[in-house]
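K.L.:
Got a structure for you, entry_30.cif, holding mmCIF, C-alpha atoms.
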```
data_target
#
loop_
_atom_site.label_atom_id
_atom_site.label_comp_id
_atom_site.auth_asym_id
_atom_site.auth_seq_id
_atom_site.Cartn_x
_atom_site.Cartn_y
_atom_site.Cartn_z
CA MET A 1 7.78 7.94 9.98
CA GLN A 2 4.67 9.67 11.37
CA LYS A 3 3.28 8.25 14.61
CA HIS A 4 -0.05 7.36 13.04
CA GLU A 5 1.68 5.63 10.13
CA ALA A 6 3.97 3.77 12.54
CA GLU A 7 0.98 2.63 14.57
CA GLU A 8 -0.72 1.28 11.46
CA GLN A 9 2.41 -0.58 10.37
CA PHE A 10 2.97 -1.91 13.85
CA GLU A 11 -0.58 -3.21 14.10
CA LYS A 12 -0.34 -4.85 10.67
CA HIS A 13 2.95 -6.60 11.51
CA LEU A 14 1.70 -7.65 14.89
CA ARG A 15 -1.53 -9.12 13.56
CA GLU A 16 0.57 -11.29 11.24
CA HIS A 17 2.79 -12.50 14.07
CA GLU A 18 0.60 -12.40 17.18
CA LEU A 19 0.43 -16.18 17.36
CA LEU A 20 4.19 -16.22 17.99
CA ILE A 21 3.70 -13.93 20.97
CA TYR A 22 0.91 -16.09 22.27
CA LYS A 23 3.15 -19.15 22.05
CA VAL A 24 5.79 -17.38 24.14
CA CYS A 25 3.10 -16.42 26.66
CA ARG A 26 1.86 -19.99 26.79
CA LEU A 27 5.35 -21.25 27.63
CA TYR A 28 6.15 -18.70 30.30
CA ALA A 29 2.80 -18.08 32.01
CA TYR A 30 0.16 -20.63 32.82
CA SER A 31 -3.07 -18.94 33.80
CA GLU A 32 -5.17 -16.99 31.32
CA ALA A 33 -4.73 -13.81 33.40
CA ASP A 34 -0.94 -14.17 33.51
CA ARG A 35 -0.84 -14.86 29.79
CA GLN A 36 -2.87 -11.73 29.12
CA ASP A 37 -0.50 -9.71 31.35
CA LEU A 38 2.55 -11.09 29.58
CA PHE A 39 0.94 -10.59 26.16
CA GLN A 40 0.28 -6.95 27.02
CA GLU A 41 3.81 -6.44 28.38
CA ILE A 42 5.37 -7.94 25.25
CA VAL A 43 3.20 -5.77 23.00
CA ILE A 44 4.20 -2.64 24.98
CA GLN A 45 7.89 -3.55 24.73
CA LEU A 46 7.51 -4.29 21.00
CA TRP A 47 5.91 -0.91 20.44
CA LYS A 48 8.69 0.85 22.38
CA ALA A 49 11.30 -0.91 20.25
CA PHE A 50 9.39 -0.69 16.96
CA LEU A 51 10.30 2.93 16.23
CA LYS A 52 13.98 1.95 16.37
CA PHE A 53 13.49 -1.20 14.27
CA ASN A 54 15.59 -0.67 11.15
CA GLY A 55 14.87 -3.93 9.35
CA GLN A 56 18.43 -5.25 9.76
CA SER A 57 17.00 -8.56 10.88
CA LYS A 58 13.77 -10.29 9.92
CA PHE A 59 10.70 -8.95 11.73
CA SER A 60 10.03 -12.37 13.27
CA THR A 61 13.65 -12.60 14.55
CA TRP A 62 13.35 -9.16 16.11
CA LEU A 63 9.94 -10.06 17.57
CA TYR A 64 11.28 -13.26 19.16
CA ARG A 65 14.12 -11.31 20.77
CA VAL A 66 11.77 -8.80 22.36
CA ALA A 67 9.22 -11.43 23.37
CA ILE A 68 11.77 -13.80 24.95
CA ASN A 69 13.67 -10.97 26.65
CA THR A 70 10.42 -9.66 28.11
CA ALA A 71 9.16 -13.09 29.15
CA ILE A 72 12.32 -14.08 31.01
CA THR A 73 13.38 -10.71 32.41
CA GLY A 74 10.66 -8.18 31.83
CA LEU A 75 8.17 -9.24 34.45
CA ARG A 76 8.80 -9.47 38.15
CA LYS A 77 9.01 -13.06 39.35
CA LYS A 78 5.58 -14.15 40.42
CA LYS A 79 4.81 -17.36 42.23
CA ASN A 80 2.28 -18.26 39.57
CA PHE A 81 4.65 -17.93 36.63
CA ILE A 82 5.74 -21.38 35.55
CA VAL A 83 9.06 -22.39 37.03
CA SER A 84 8.50 -26.13 37.17
CA TYR A 85 5.80 -28.56 36.23
CA GLU A 86 2.86 -29.17 38.50
CA PRO A 87 -0.16 -31.00 37.09
CA ALA A 88 -2.56 -28.47 38.55
CA THR A 89 -0.82 -25.62 36.81
CA LEU A 90 -1.06 -26.93 33.29
CA PRO A 91 -2.19 -24.43 30.68
CA GLN A 92 -5.80 -24.79 29.69
CA HIS A 93 -6.57 -25.29 26.07
CA VAL A 94 -8.75 -22.96 24.12
CA ASP A 95 -11.82 -24.85 22.94
CA ASP A 96 -11.49 -26.01 19.42
CA ASN A 97 -13.73 -28.38 17.57
CA THR A 98 -11.15 -29.54 15.02
CA SER A 99 -8.76 -31.29 17.42
CA THR A 100 -9.38 -34.88 18.41
CA GLU A 101 -9.06 -36.20 21.95
CA GLU A 102 -5.90 -38.04 20.99
CA GLU A 103 -4.33 -34.85 19.64
CA GLU A 104 -5.34 -33.04 22.80
CA GLU A 105 -3.63 -35.71 24.87
CA GLN A 106 -0.46 -35.53 22.82
CA LEU A 107 -0.40 -31.79 23.15
CA LYS A 108 -0.73 -32.15 26.92
CA VAL A 109 2.23 -34.54 27.00
CA LEU A 110 4.22 -32.13 24.88
CA HIS A 111 3.55 -29.18 27.15
CA LYS A 112 4.00 -31.20 30.35
CA ALA A 113 7.46 -32.15 29.14
CA ILE A 114 8.43 -28.67 27.99
CA GLU A 115 7.29 -27.09 31.24
CA GLN A 116 9.89 -29.06 33.13
CA LEU A 117 12.67 -27.36 31.19
CA ASN A 118 14.38 -24.24 32.47
CA GLN A 119 13.65 -20.76 31.06
CA VAL A 120 16.44 -20.86 28.48
CA GLU A 121 15.74 -24.44 27.39
CA LYS A 122 12.11 -23.46 26.83
CA ALA A 123 13.20 -20.67 24.49
CA ILE A 124 15.55 -22.98 22.60
CA VAL A 125 12.97 -25.73 22.24
CA MET A 126 10.32 -23.26 21.12
CA LEU A 127 12.55 -21.95 18.34
CA TYR A 128 13.45 -25.50 17.35
CA MET A 129 9.76 -26.39 17.16
CA GLU A 130 9.19 -23.34 15.01
CA ASP A 131 11.74 -24.78 12.57
CA LYS A 132 14.21 -21.96 13.05
CA ALA A 133 17.69 -22.57 11.65
CA TYR A 134 20.53 -22.62 14.20
CA GLU A 135 21.86 -19.46 12.58
CA GLU A 136 18.63 -17.60 13.35
CA MET A 137 18.45 -19.12 16.83
CA GLU A 138 21.94 -17.73 17.45
CA ASP A 139 20.79 -14.35 16.18
CA ILE A 140 17.87 -14.36 18.61
CA LEU A 141 19.45 -15.86 21.71
CA GLY A 142 23.09 -14.88 21.32
CA ILE A 143 24.24 -18.45 22.00
CA SER A 144 26.74 -19.87 19.52
CA GLN A 145 25.46 -22.45 17.03
CA GLY A 146 27.82 -25.09 18.40
CA ASN A 147 26.56 -24.53 21.93
CA LEU A 148 22.97 -24.54 20.69
CA ARG A 149 23.45 -27.93 19.01
CA VAL A 150 24.91 -29.37 22.22
CA LYS A 151 22.07 -27.90 24.25
CA MET A 152 19.48 -29.17 21.78
CA ASN A 153 20.83 -32.74 22.07
CA ARG A 154 20.66 -32.48 25.86
CA ILE A 155 17.12 -31.11 25.70
CA LYS A 156 16.05 -33.96 23.41
CA GLU A 157 17.46 -36.46 25.89
CA LYS A 158 15.87 -34.65 28.80
CA LEU A 159 12.46 -34.66 27.10
CA ARG A 160 12.86 -38.35 26.28
CA GLN A 161 13.47 -39.06 29.97
CA ILE A 162 10.59 -36.87 31.08
CA THR A 163 8.08 -38.48 28.74
CA LYS A 164 9.37 -41.94 29.65
CA ASN A 165 8.89 -41.26 33.35
CA ASN A 166 5.40 -39.81 32.98
CA MET B 1 8.37 -39.62 22.50
CA GLU B 2 10.95 -38.12 20.14
CA LEU B 3 11.26 -34.37 19.93
CA ASP B 4 10.70 -34.36 16.18
CA GLU B 5 7.41 -36.16 16.75
CA LEU B 6 6.59 -33.46 19.29
CA LYS B 7 7.44 -30.94 16.63
CA ASN B 8 4.53 -32.08 14.53
CA GLN B 9 2.26 -31.85 17.53
CA TRP B 10 3.57 -28.37 18.23
CA LYS B 11 2.40 -27.24 14.81
CA GLN B 12 -1.09 -28.30 15.84
CA THR B 13 -1.07 -25.62 18.51
CA ASP B 14 -1.37 -23.13 15.67
CA LYS B 15 -4.88 -24.41 15.20
CA THR B 16 -5.85 -24.88 18.81
CA GLN B 17 -4.21 -21.95 20.58
CA LYS B 18 -5.90 -19.00 19.03
CA PRO B 19 -5.25 -15.77 20.90
CA LYS B 20 -8.19 -13.58 21.81
CA ASN B 21 -8.66 -10.80 19.34
CA GLN B 22 -7.08 -7.94 21.31
CA ASN B 23 -7.04 -4.28 20.46
CA ILE B 24 -3.34 -3.69 19.87
CA MET B 25 -3.67 0.09 19.81
CA GLU B 26 -5.40 0.02 23.19
CA LEU B 27 -2.75 -2.30 24.63
CA ILE B 28 0.14 -0.01 23.74
CA GLN B 29 -1.49 2.87 25.60
CA ASN B 30 -1.20 0.91 28.86
CA LYS B 31 1.63 1.30 31.34
CA SER B 32 4.33 -1.32 31.45
CA ASN B 33 4.37 -3.47 34.59
CA GLY B 34 7.94 -4.66 34.16
CA PRO B 35 10.62 -4.10 36.83
CA ILE B 36 12.33 -1.43 34.73
CA ALA B 37 9.13 0.57 34.35
CA GLU B 38 8.48 0.21 38.09
CA LEU B 39 11.98 1.50 38.90
CA LYS B 40 11.51 4.44 36.55
CA ARG B 41 8.21 5.31 38.21
CA SER B 42 9.82 5.13 41.66
CA PHE B 43 12.64 7.51 40.59
CA LYS B 44 10.12 9.89 39.05
CA ASN B 45 8.17 9.85 42.33
CA GLN B 46 11.36 10.57 44.28
CA ILE B 47 12.08 13.59 42.05
CA ILE B 48 8.53 14.88 42.41
CA GLY B 49 8.50 14.27 46.17
CA MET B 50 11.82 16.01 46.75
CA THR B 51 10.66 18.98 44.67
CA VAL B 52 7.33 19.30 46.47
CA LEU B 53 8.72 18.91 50.03
CA PRO B 54 10.80 22.15 50.17
CA ILE B 55 7.92 24.06 48.55
CA ALA B 56 5.53 22.68 51.18
CA TYR B 57 8.04 23.54 53.92
CA ILE B 58 8.30 27.13 52.68
CA ALA B 59 4.52 27.38 52.34
CA ALA B 60 4.04 26.13 55.89
CA ASN B 61 6.54 28.70 57.22
CA LEU B 62 5.46 31.70 55.16
CA GLU B 63 4.76 33.77 58.25
CA HIS B 64 8.35 33.35 59.48
CA ILE B 65 9.98 33.19 56.09
CA ASP B 66 12.85 35.49 57.16
CA LYS B 67 13.76 33.03 59.95
CA THR B 68 13.41 30.05 57.61
CA PHE B 69 15.88 31.45 55.10
CA VAL B 70 18.57 31.94 57.74
CA SER B 71 18.04 28.53 59.31
CA ALA B 72 20.97 26.14 58.80
CA ILE B 73 18.58 23.16 59.02
CA PHE B 74 16.51 24.53 56.14
CA TRP B 75 19.56 24.85 53.87
CA PHE B 76 20.80 21.40 54.82
CA PHE B 77 17.33 20.10 54.04
CA ILE B 78 17.44 21.81 50.64
CA MET B 79 20.87 20.30 49.99
CA PHE B 80 19.53 16.88 50.93
CA CYS B 81 16.54 17.25 48.57
CA VAL B 82 18.75 18.41 45.69
CA SER B 83 21.14 15.48 46.28
CA VAL B 84 18.25 13.00 46.21
CA ILE B 85 16.92 14.58 43.00
CA ILE B 86 20.35 14.36 41.33
CA PHE B 87 20.79 10.78 42.53
CA ALA B 88 17.30 9.79 41.31
CA ARG B 89 17.94 11.44 37.93
CA LEU B 90 21.24 9.55 37.54
CA ASN B 91 19.52 6.29 38.48
CA TYR B 92 16.73 7.05 36.03
CA ALA B 93 19.30 7.42 33.26
CA ILE B 94 20.99 4.15 34.27
CA VAL B 95 17.68 2.27 34.28
CA GLU B 96 16.70 3.77 30.91
CA LYS B 97 19.72 1.96 29.45
CA MET B 98 18.18 -1.32 30.62
CA GLU B 99 14.97 -0.69 28.68
CA GLY B 100 16.07 -2.02 25.30
CA MET B 101 14.55 -5.47 24.86
CA ASP B 102 15.44 -5.97 21.21
CA GLY B 103 19.02 -7.14 21.67
CA LYS B 104 20.22 -10.75 21.56
CA VAL B 105 18.89 -12.39 24.70
CA LYS B 106 22.27 -13.36 26.22
CA LEU B 107 23.83 -9.99 25.46
CA ASN B 108 20.80 -8.21 26.86
CA LEU B 109 21.00 -10.22 30.09
CA GLU B 110 24.73 -9.56 30.50
CA GLN B 111 24.16 -5.85 29.92
CA GLN B 112 21.34 -5.75 32.46
CA ILE B 113 23.53 -7.51 35.03
CA VAL B 114 26.35 -4.94 34.65
CA ILE B 115 23.93 -2.01 34.90
CA LEU B 116 22.05 -3.47 37.86
CA GLU B 117 25.26 -4.25 39.75
CA THR B 118 26.42 -0.64 39.23
CA ARG B 119 23.07 0.68 40.42
CA ILE B 120 22.99 -1.50 43.54
CA ARG B 121 26.55 -0.48 44.43
CA GLN B 122 25.79 3.23 43.90
CA LYS B 123 22.56 2.98 45.85
CA LEU B 124 24.26 1.43 48.87
CA ILE B 125 27.08 4.01 48.75
CA GLY B 126 24.48 6.80 48.44
CA ILE B 127 22.46 5.63 51.44
CA HIS B 128 25.53 5.12 53.65
CA THR B 129 26.95 8.50 52.61
CA ALA B 130 23.62 10.24 53.36
CA PHE B 131 23.55 8.61 56.78
CA LEU B 132 27.12 9.66 57.57
CA LEU B 133 26.33 13.21 56.43
CA PHE B 134 23.31 13.23 58.74
CA ILE B 135 25.55 12.23 61.67
CA GLY B 136 28.03 14.94 60.66
CA LEU B 137 25.18 17.42 60.55
CA LEU B 138 24.04 16.53 64.07
CA GLU B 139 27.60 17.01 65.33
CA VAL B 140 28.40 20.24 63.45
CA LEU B 141 25.08 22.10 63.48
CA PRO B 142 25.24 23.38 67.11
CA TYR B 143 28.45 25.27 66.20
CA PHE B 144 26.48 27.33 63.64
CA GLN B 145 23.10 27.74 65.29
CA ASN B 146 21.46 27.21 68.64
CA PHE B 147 19.03 24.25 68.79
CA GLN B 148 17.61 23.27 72.13
CA MET B 149 17.19 19.61 71.19
CA LEU B 150 20.72 19.34 69.84
CA ASN B 151 22.13 21.10 72.89
CA LYS B 152 20.65 18.36 75.07
CA TRP B 153 22.12 15.74 72.76
CA HIS B 154 25.53 17.38 72.88
CA SER B 155 25.45 17.53 76.69
CA LEU B 156 25.77 13.72 76.64
CA SER B 157 29.20 12.11 76.68
CA PRO B 158 30.81 11.71 73.21
CA PHE B 159 31.11 7.97 73.92
CA ILE B 160 27.34 7.68 74.26
CA ARG B 161 26.73 9.82 71.16
CA PHE B 162 29.18 7.97 68.94
CA GLY B 163 28.07 4.63 70.36
CA ALA B 164 24.49 5.52 69.34
CA TYR B 165 25.66 6.64 65.89
CA SER B 166 27.56 3.38 65.39
CA ALA B 167 24.57 1.30 66.48
CA LEU B 168 22.27 3.27 64.18
CA PHE B 169 24.74 2.99 61.29
CA LEU B 170 24.99 -0.78 61.71
CA TYR B 171 21.20 -1.05 61.95
CA GLN B 172 20.62 0.96 58.77
CA TYR B 173 23.45 -0.99 57.04
CA PHE B 174 21.78 -4.34 57.71
CA VAL B 175 18.25 -3.08 57.00
CA THR B 176 19.41 -1.57 53.68
CA ARG B 177 21.26 -4.78 52.74
CA MET B 178 18.19 -6.86 53.61
CA GLY B 179 15.90 -4.60 51.57
CA SER B 180 18.31 -4.71 48.66
CA ARG B 181 18.52 -8.51 48.78
CA ARG B 182 14.73 -8.77 48.64
CA GLY B 183 14.45 -6.35 45.74
CA SER B 184 17.12 -5.59 43.17
CA GLU B 185 19.57 -8.28 44.28
CA GLN B 186 16.93 -10.98 43.90
CA HIS B 187 16.25 -9.79 40.36
CA LEU B 188 20.01 -9.71 39.75
CA ALA B 189 20.34 -13.30 40.97
CA ASN B 190 17.58 -14.33 38.55
CA LEU B 191 19.40 -12.66 35.67
CA LYS B 192 22.68 -14.36 36.63
CA GLU B 193 20.93 -17.71 36.80
CA LEU B 194 19.57 -17.15 33.26
CA VAL B 195 23.06 -16.36 31.94
CA LYS B 196 24.36 -19.50 33.68
CA GLN B 197 21.67 -21.50 31.90
CA MET B 198 22.97 -20.10 28.61
CA GLN B 199 26.60 -21.17 29.13
#
```
Go ahead and render the structure in this file as structure tokens.
P.N.:
Amino acid sequence: MQKHEAEEQFEKHLREHELLIYKVCRLYAYSEADRQDLFQEIVIQLWKAFLKFNGQSKFSTWLYRVAINTAITGLRKKKNFIVSYEPATLPQHVDDNTSTEEEEEQLKVLHKAIEQLNQVEKAIVMLYMEDKAYEEMEDILGISQGNLRVKMNRIKEKLRQITKNN
Amino acid sequence: MELDELKNQWKQTDKTQKPKNQNIMELIQNKSNGPIAELKRSFKNQIIGMTVLPIAYIAANLEHIDKTFVSAIFWFFIMFCVSVIIFARLNYAIVEKMEGMDGKVKLNLEQQIVILETRIRQKLIGIHTAFLLFIGLLEVLPYFQNFQMLNKWHSLSPFIRFGAYSALFLYQYFVTRMGSRRGSEQHLANLKELVKQMQ
């Protein structure tokens, strides 16, 4: 594949899936600047890996792998990357006229709860929210389906407790 | 709140969390800021530095080039530079193996841990070996060539000399360990913690 052709294909694929990357960024970085940094880093890593992408797995599966790997290992630990929940460090929402105040509030609760999970739990819960089958989750994370189901039950319980306490 | 209820809310983020329209082609031209890219840059700089230094040394001593080329110190210095270049190149190759981010997350983490542990071990061995060689050089050099400074040093009692070497070795050992703990070993601990979270 020629470089120019590869660039065009890469851009096309990425445009279709960039929301997935943004969701990863939103989970692992809280400020707009950090999210932009992480977004850029993920895109760079995706581009580096794209030329070797042979289509053995779905593009979205491959993209999740690169994005999660980069988010949890690819950037040096910074104090301002989310490690635990603090009210002041909540992600800010992008203005949108279509969402109601109630929806906004529910989204805040959702993210508050998820931010108290550890790095791996965040990845699992994100994939669960995206309606990924356990088989695909295993393909992305490398954790067995049985273990994922156990973890998912624990995460559900943990989130229940978190939302009850808040 | 049940997670499946949250799931519906999550879908709403599709509508509310629109990313800024970024120029993808511009983004991929930027340099990576990840730890692997930083390590690669540092090894590249070491290679460049150790190539430039002997050239600069020769350039600075052009007038006495005949003396420079028969100086034992000069050839030891060249040997040191070549060793650092070889070591940096080997490290560069090791770190390049860590670059792949498209593997399964757990497998990728385990692979990075093995590579990083090897690198840290090799780095520590390399630094300690270089230091021991430097001590050996200080002890052996006066037998090959006459250096006023070293003659003074050798006029001291061997107990004082070897006491000083031991103290210096211990100092560099602890400083190197401390530096390593703050840098690579901290990153390694983070990776191990992530794997633990996956068990």
K.L.:
Given all atoms listed in the file as the basis, pick out the residue of A:Gln2, A:Glu41, A:Ala29, A:Arg154 nearest to Ile24 in chain B.
P.N.:
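Checking each candidate against Ile24 in chain B, we get A:Glu41 as the closest.
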K.L.:
So, with all atoms listed in the file as the atoms that count, which of A:Gln9, A:Ser31, A:Thr163, A:Gln36 lies closest to His111 in chain A?
P.N.:
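Distance minimum relative to His111 in chain A lands on A:Thr163.
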K.L.:
Between B:Asn23, B:Trp153, B:Leu191, B:Gly136, which has the minimum distance to Leu109 in chain B (counting all atoms listed in the file)?
P.N.:
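Of B:Asn23, B:Trp153, B:Leu191, B:Gly136, the one nearest Leu109 in chain B is B:Leu191, counting all atoms listed in the file.
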K.L.:
Quick one, how far is CA of Glu110 in chain B from CA of Met126 in chain A?
P.N.:
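We find that CA of Glu110 in chain B and CA of Met126 in chain A lie 22.0 Å from each other.
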K.L.:
Quick one: residues within 9 Å of range 96-103 of chain B, all atoms listed in the file, excluding same-chain residues fewer than 6 positions away - as a short mmCIF file (atom, residue, chain, number, x, y, z; two decimals) with C-alpha atoms, in the coordinates of the input?
P.N.:
```
data_model
loop_
_atom_site.label_atom_id
_atom_site.label_comp_id
_atom_site.auth_asym_id
_atom_site.auth_seq_id
_atom_site.Cartn_x
_atom_site.Cartn_y
_atom_site.Cartn_z
CA GLN A 45 7.89 -3.55 24.73
CA LEU A 46 7.51 -4.29 21.00
CA LYS A 48 8.69 0.85 22.38
CA ALA A 49 11.30 -0.91 20.25
CA PHE A 53 13.49 -1.20 14.27
CA TRP A 62 13.35 -9.16 16.11
CA LEU A 63 9.94 -10.06 17.57
CA TYR A 64 11.28 -13.26 19.16
CA ARG A 65 14.12 -11.31 20.77
CA VAL A 66 11.77 -8.80 22.36
CA ALA A 67 9.22 -11.43 23.37
CA ILE A 68 11.77 -13.80 24.95
CA ASN A 69 13.67 -10.97 26.65
CA THR A 70 10.42 -9.66 28.11
CA GLY A 74 10.66 -8.18 31.83
CA ILE A 140 17.87 -14.36 18.61
CA LEU A 141 19.45 -15.86 21.71
CA GLY A 142 23.09 -14.88 21.32
CA ILE B 36 12.33 -1.43 34.73
CA ALA B 37 9.13 0.57 34.35
CA LYS B 40 11.51 4.44 36.55
CA GLN B 111 24.16 -5.85 29.92
CA GLN B 112 21.34 -5.75 32.46
CA ILE B 115 23.93 -2.01 34.90
CA LEU B 116 22.05 -3.47 37.86
#
```
K.L.:
Report, in Å with one decimal, the straight-line distance from CA of Phe131 in chain B to CA of Gly163 in chain B.
P.N.:
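Computed distance, CA of Phe131 in chain B to CA of Gly163 in chain B, equals 14.9 Å.
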K.L.:
By how many Å are CA of Gln29 in chain B and CA of Gln40 in chain A apart?
P.N.:
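Spanning CA of Gln29 in chain B to CA of Gln40 in chain A is a straight-line distance of 10.1 Å.
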K.L.:
Between A:Lys12, A:Arg149, A:Lys156, A:Lys122, which residue has the minimum interatomic distance to Ala71 in chain A, considering all atoms listed in the file?
P.N.:
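Checking each of A:Lys12, A:Arg149, A:Lys156, A:Lys122 against Ala71 in chain A, counting all atoms listed in the file, the winner is A:Lys122.
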K.L.:
Measuring between all atoms listed in the file, which one of B:Lys104, B:Lys67, B:Arg119, B:His128 shows the shortest distance to Thr176 in chain B?
P.N.:
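The shortest atom-to-atom distance to Thr176 in chain B comes from B:His128.
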K.L.:
Select all residues near (22.8, 4.7, 52.0) (cut-off 12 Å, inclusive, file coordinates), counting all atoms listed in the file, and output them as JSON, numbers by chain.
P.N.:
{"B": [84, 87, 120, 121, 122, 123, 124, 125, 126, 127, 128, 129, 130, 131, 132, 133, 134, 169, 170, 171, 172, 173, 174, 175, 176, 177, 179, 180]}
K.L.:
Would you mind listing what lies within 8 Å of range 68-81 of chain B as a compact mmCIF listing (two decimals) with C-alpha atoms, in the coordinates of the input, with only C-alpha atoms counted and same-chain residues fewer than 5 positions away left out?
P.N.:
```txt
# COMPACT_ATOMS: atom_id res chain seq x y z
CA MET B 50 11.82 16.01 46.75
CA THR B 51 10.66 18.98 44.67
CA PRO B 54 10.80 22.15 50.17
CA ILE B 58 8.30 27.13 52.68
CA ASN B 61 6.54 28.70 57.22
CA LEU B 141 25.08 22.10 63.48
CA PHE B 144 26.48 27.33 63.64
CA GLN B 145 23.10 27.74 65.29
```
K.L.:
Between B:Leu90, B:Leu107, B:Leu168, B:Leu137, which is the closest to chain A once you count only C-alpha atoms?
P.N.:
B:Leu107
K.L.:
Could you tell me which residues the PyMOL selection byres ((chain A and resi 151) around 12) returns for this structure, as number ranges by chain?
P.N.:
A: 117-118, 120-125, 128, 134, 143-150, 152-158; B: 197-199
K.L.:
How would the residues just picked look written out with C-alpha atoms as a compact mmCIF listing (two decimals), in the coordinates of the input?
P.N.:
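Wrote it out as again-v2.txt, contents follow:
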```
# COMPACT_ATOMS: atom_id res chain seq x y z
CA LEU A 117 12.67 -27.36 31.19
CA ASN A 118 14.38 -24.24 32.47
CA VAL A 120 16.44 -20.86 28.48
CA GLU A 121 15.74 -24.44 27.39
CA LYS A 122 12.11 -23.46 26.83
CA ALA A 123 13.20 -20.67 24.49
CA ILE A 124 15.55 -22.98 22.60
CA VAL A 125 12.97 -25.73 22.24
CA TYR A 128 13.45 -25.50 17.35
CA TYR A 134 20.53 -22.62 14.20
CA ILE A 143 24.24 -18.45 22.00
CA SER A 144 26.74 -19.87 19.52
CA GLN A 145 25.46 -22.45 17.03
CA GLY A 146 27.82 -25.09 18.40
CA ASN A 147 26.56 -24.53 21.93
CA LEU A 148 22.97 -24.54 20.69
CA ARG A 149 23.45 -27.93 19.01
CA VAL A 150 24.91 -29.37 22.22
CA MET A 152 19.48 -29.17 21.78
CA ASN A 153 20.83 -32.74 22.07
CA ARG A 154 20.66 -32.48 25.86
CA ILE A 155 17.12 -31.11 25.70
CA LYS A 156 16.05 -33.96 23.41
CA GLU A 157 17.46 -36.46 25.89
CA LYS A 158 15.87 -34.65 28.80
CA GLN B 197 21.67 -21.50 31.90
CA MET B 198 22.97 -20.10 28.61
CA GLN B 199 26.60 -21.17 29.13
```
K.L.:
Can you tell me which residues surround Ala113 in chain A at a distance of at most 8 Å, considering all atoms listed in the file, apart from same-chain residues fewer than 3 positions away, and format the answer as a ChimeraX atom specification?
P.N.:
/A:109-110,116-117,159,162-163
